[in-house]
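Encoded as structure tokens, the structure appears first; notes follow it.
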There are 2 protein chains.
Amino acid sequence: MTKARVEKWDIFEASFDGPSAGNPYLDVSFDAIFSHKEQDIRVPGFYDGNGLYRLRFMPEITGDWSYETRSETPELHGKTGSFTATDARAGNHGPVRVRNRFHFAYADDTAFLPFGTTCYAWGHQPLVEQEKTLETLAKTGFNKIRMAVFPKDYPYNTNAPYLDVYEAVDGAHDFDRPNYDSFRHFETQIGRLGDLGIEADVILFHPYDRWKYSEMSEAQDYRYVAYVAARFAAYRNVWWALANEYDFMLNTKPMDHWDRFFQILEEEDPYRHLKSIHNGRPDANYDHSKSWVTHTCMQNWDVKRTQEWRGTWGRPVINDEPEYEGNIIQCWGNISAQELTHRFWITMMRGGYAGHGETYSHEEDLIWWAKGGVLHGEAWKRLAFMRNLLEEDVRNGLEPLGPDSEWPWDRLSGAADGDVTYIYFGEHQPVIWTLGLPREDGDYKLDLIDTWNMTVTPLHKVEAPANHPIRHGETFGESKPDAAFGVELPGRPYLAIRCKKMS
Amino acid sequence: MTKARVEKWDIFEASFDGPSAGNPYLDVSFDAIFSHKEQDIRVPGFYDGNGLYRLRFMPEITGDWSYETRSETPELHGKTGSFTATDARAGNHGPVRVRNRFHFAYADDTAFLPFGTTCYAWGHQPLVEQEKTLETLAKTGFNKIRMAVFPKDYPYNTNAPYLDVYEAVDGAHDFDRPNYDSFRHFETQIGRLGDLGIEADVILFHPYDRWKYSEMSEAQDYRYVAYVAARFAAYRNVWWALANEYDFMLNTKPMDHWDRFFQILEEEDPYRHLKSIHNGRPDANYDHSKSWVTHTCMQNWDVKRTQEWRGTWGRPVINDEPEYEGNIIQCWGNISAQELTHRFWITMMRGGYAGHGETYSHEEDLIWWAKGGVLHGEAWKRLAFMRNLLEEDVRNGLEPLGPDSEWPWDRLSGAADGDVTYIYFGEHQPVIWTLGLPREDGDYKLDLIDTWNMTVTPLHKVEAPANHPIRHGETFGESKPDAAFGVELPGRPYLAIRCKKMS
């Protein structure tokens with residue numbers, strides 16, 4: 001018999017028959033030790049209904065693996081098996097990790113620049129709408145999506161979910177009895193996103209709820225977190241987002257519960273997927289410097305503060321809600337496409353990452369931000385252009401020019417990675433520029449980027465204007481330019497320059 | 001002999017012959033007591049060169065006034081005279097004062113909404129350019145101008161001043177010997193601004209200097225401040241701006257000198273003109289809550305912080321440099337016209353006042369912000385429109401809707417004065433709106449303001465959308481709208497609405 005073969009960072013899955021009497025979700029537990037040479041990894045299994053138990057594992061090392069299950073339930077104890085993990089094919093880069101403190105890369109060391117969008121409840125819409133969402137995503141440049149396990153009840157979101165997440169009898173949910181079809185569907189969609197190269201930023205809790213999912217007991221919450229870890233963690237494109245707007249649930253889930261959710265994920269996710277927690281009020285950020293938080297996830301419109309947020313928590317910053325493009329009455333969802341594009345550029349040129357959302361009012365309330373479907377706006381095209389452009393050169397991550405409290409980086413945004421420097425002017429429109437350009441002359445490729453019209457055109461060096469040497473009380477020394485050369489610009493807003501050293 | 005007649009808030013002036021030997025600027029002092037019924041006011045006199053001494057007085061009360069001079073110099077002691085102060089003519093509103101804590105009004109109680117511009121050294125340009133500046137100002141909507149007593153040395157500003165402010169011999173200035181022609185010219189221009197209805201925000205010190213005006217001795221500084229107070233204070237349109245960017249001069253003028261400058265103005269300006277001091281670095285604001293500061297003058301691009309600044313110092317806020325419209329290399333001087341207009345609206349809709357400047361590069365370095373001349377930009381037209389619009393209804397001053405830390409006023413800008421409310425959407429573009437509109441129905445005039453295209457068009461009431469009543473852990477009570485009615489909007493940026501109750 002040929003040994004099973006599984007690609008590195010793909011999913012090995014085994015299933016076992018076991019008891020179906022009583023409530024196995026509560027009563028039966030099992031896990032397995034997966035072994036590779038000297039390495040042993042504990043992997044939790046999970047119940048999938050109808051007496052079926054599953055074990056999923058994502059190998060991170062190639063070569064031969066074997067496993068043996070452990071359980072107090074005899075049918076699930078001492079089961080063994082083995083497989084060979086093969087090299088990853090092209091396009092399988094593995095899970096995303098933090099790299100270089102403020103940035104991300106896939107496990108194969110390919111840089112990952114998050115360009116996320118948000119469709120909170122797309123997995124709870126009618127299937128035809130879910131298909132539309134995947135079709136739309138396939139033609140955008142988004143490589144991450146925020147999506148909630150639970151359905152959403154909120155303005156524009158009053159329709160019944162495609163599937164209940166727990167069994168419902170006469171409208172009352174039994175939070176001790178998962179609807180296994182619902183979890184199976186959710187993970188199918190995680191997998192399909194993975195096929196599109198999109199990270200699934202899985203939101204575990206949120207307050208926008210009429211089904212009382214957000215009011216489960218403490219024990220039910222903990223069991224749920226462990227369950228989703230056991231089910232979903234083997235998907236390489238999973239990220240854990242503990243909450244959308246955790247601070248609006250502090251009345252039923254105090255801070256120590258949130259800490260514990262993180263700890264459960266640390267215990268039950270063998271692959272250490274990225275973990276974050278998202279605030280509601282601007283002053284209600286979780287302490288993202290806690291050891292179990294991998295990156296700062298937040299919402300804040302005030303994007304010129306990005307460097308401050310990097311400094312506060314020492315983590316990569318993903319500002320997933322710098323307000324959304326749209327025209328609804330809620331102000332977090334009615335900025336112009338140009339403004340959202342502008343905020344992406346400001347954020348990334350200050351060393352952070354931003355998130356997209358679209359909230360155009362629609363007569364059937366089909367709004368991308370919650371339901372997915374189709375896009376109606378303009379920012380997504382500019383963000384795809386931006387991603388393509390930055391991925392040409394960014395390898396280690398964009399570090400802001402600065403310090404941010406000092407001239408001119410308190411007003412402007414600029415960042416560099418190795419030999420490439422970008423300066424984003426935004427609302428500024430100088431006709432000549434030097435600051436941030438190289439201090440030593442050499443062979444540089446210089447381009448003008450029109451962030452809105454999506455064009456890249458060559459720029460040419462011009463003589464750098466000299467500084468004015470005299471100011472009262474300080475002499476700035478000789479009159480000398482700030483850079484080895486300058487560039488002339490067309491004097492309109494929303495432009496950037498790229499300067500790349502040609503070796 | 002008919003008694004002299006002087007209009008209230010105009011200037012009564014008397015001159016006296018006195019000693020010209022030695023250095024009267026240092027050696028001779030005199031003042032006068034002006035008396036009106038029970039009121040006695042001390043008014044300092046000043047030397048104007050060639051043995052001529054002057055006494056200027058701005059009566060603030062109508063009726064009969066008399067004066068008697070005092071001096072240790074016999075020729076200047078015991079001189080007496082009298083005049084009658086008559087009612088002010090239409091258009092003479094008197095000096096501007098703080099009113100309603102965060103706002104301004106003329107002495108006759110007419111609201112004053114500052115719409116200032118900056119031409120630091122316009123009074124030091126060739127006369128033909130100075131005439132152009134006055135011609136330009138006459139067709140704009142600006143009612144205040146920042147202007148420095150001393151000439152400016154800075155990029156684009158290297159030309160020699162029209163007149164030296166102190167006597168210069170072989171290029172070295174003698175700061176004990178004013179050039180009286182220079183002061184006479186400066187006050188002539190203050191008067192001409194007054195004729196145009198423009199307040200002269202007179203900047204006493206600045207660091208951009210090659211003549212060493214900013215390095216006078218402490219005693220010379222104090223004498224200079226007292227001198228300008230004695231000369232200029234009788235002009236009703238004078239405001240005292242102690243500095244442009246005082247913090248760049250702390251090495252030669254430590255903080256206690258700045259305090260003392262304020263105190264000298266308190267002592268030597270009988271009319272208590274407005275007094276402020278302007279910072280350079282964003283974190284270097286003077287303590288504007290000190291008793292002698294009448295209003296906060298500052299530069300800061302981050303205009304959504306306006307309410308914070310009101311709160312910090314408890315004074316009216318004039319943000320004179322929210323960055324300037326232009327295209328020069330310096331980032332404080334290269335934002336788009338649309339952005340500057342936007343920043344004016346944000347500032348005023350958060351209870352503050354903003355300042356204009358224009359810095360388009362010019363082949364002869366004729367740039368409005370320093371030299372005046374002609375305007376090349378687009379913002380000034382929108383600001384004139386804005387001023388006209390607001391002056392239709394604003395009487396007491398625009399108080400921000402809020403609190404600013406709370407929804408939606410953390411993101412949006414809105415303000416009200418009595419029966420009129422404005423909401424400025426800026427980068428936000430909702431197609432329907434309720435928040436900030438009246439909670440009780442009635443007879444309201446509703447208008448859409450396009451801040452860039454300068455149009456005002458009627459809006460009509462529509463049914464207010466209901467709030468969504470449910471959120472986890474909190475029930476917002478019944479589903480009820482935020483206002484008695486809503487308005488539909490065209491869904492594009494840079495719009496405002498005006499809602500006015502018709503009694």
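Identifiers for the structure tokens are assigned positionally: chains receive A, B, ... in sequence, residues are indexed from 1 per chain, and ligands are indexed from 1 in the order shown.
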
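Since chain B and chain A are the same sequence, their C-alpha atoms pair in order, and the RMSD after least-squares superposition is 0.0 Å.
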
Inset, instruction - Considering only C-alpha atoms, return as a PyMOL selection string whatever protein or nucleic-acid residues lie within 8 Å of Val431 in chain A, sequence-local ones (same chain, fewer than 3 positions apart) excluded. - result: (chain A and resi 488-491) or (chain B and resi 327-329)

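Excluding Trp240 in chain A itself and any same-chain residue fewer than 2 positions from it, the protein and nucleic acid residues within 9 Å of it, counting only C-alpha atoms, are A:Ala200, A:Asp201, A:Val202, A:Ile203, A:Leu204, A:Ala229, A:Val238, A:Leu242, A:Ala243, A:Leu265, A:His273, A:Leu274, A:Lys275, A:Ser276, A:Ile277.
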
Deliver the residues from the most recent selection as a file, using C-alpha atoms, as a compact mmCIF listing (two decimals), in the first residue's frame.
```txt
# COMPACT_ATOMS: atom_id res chain seq x y z
CA ALA A 200 -9.24 34.29 5.81
CA ASP A 201 -9.17 36.62 8.81
CA VAL A 202 -11.71 34.67 10.85
CA ILE A 203 -13.65 36.79 13.34
CA LEU A 204 -14.70 34.67 16.31
CA ALA A 229 -9.13 25.97 16.40
CA VAL A 238 -6.44 31.16 8.50
CA LEU A 242 -10.83 37.38 18.16
CA ALA A 243 -13.42 40.01 17.62
CA LEU A 265 -5.70 29.47 20.55
CA HIS A 273 -1.55 31.40 13.13
CA LEU A 274 -1.69 35.17 13.37
CA LYS A 275 -3.88 36.43 16.20
CA SER A 276 -5.40 39.85 16.70
CA ILE A 277 -8.33 41.63 18.29
```

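For Cys499 in chain A, the set of protein, DNA and RNA residues having any atom at most 9 Å away, when counting only C-alpha atoms and skipping those fewer than 3 positions along the same chain, is Asp419, Val420, Thr421, Tyr422, Ile423, Leu437, Pro438, Tyr444, Lys445, Leu446 and Asp447 of chain A.
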
File dump, residues just selected, C-alpha atoms, as a short mmCIF file (atom, residue, chain, number, x, y, z; two decimals), in the first residue's frame:
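Full text of selection-v2.cif as output:
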```cif
data_model
loop_
_atom_site.label_atom_id
_atom_site.label_comp_id
_atom_site.auth_asym_id
_atom_site.auth_seq_id
_atom_site.Cartn_x
_atom_site.Cartn_y
_atom_site.Cartn_z
CA ASP A 419 17.05 50.24 -2.45
CA VAL A 420 13.55 51.51 -3.06
CA THR A 421 12.02 54.62 -1.54
CA TYR A 422 8.49 55.91 -2.00
CA ILE A 423 7.27 59.35 -1.05
CA LEU A 437 15.86 61.28 -2.02
CA PRO A 438 19.41 59.89 -1.89
CA TYR A 444 18.58 55.69 -9.83
CA LYS A 445 15.33 54.85 -11.55
CA LEU A 446 12.83 57.58 -10.76
CA ASP A 447 9.10 57.34 -11.37
#
```

Inset, instruction - Kindly indicate which residue among A:Thr294, A:Pro74, A:Glu167, A:Glu199 lies nearest to Arg99 in chain A, using only C-alpha atoms for the distances. - result: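 Of A:Thr294, A:Pro74, A:Glu167, A:Glu199, the one nearest Arg99 in chain A is A:Thr294, counting only C-alpha atoms.
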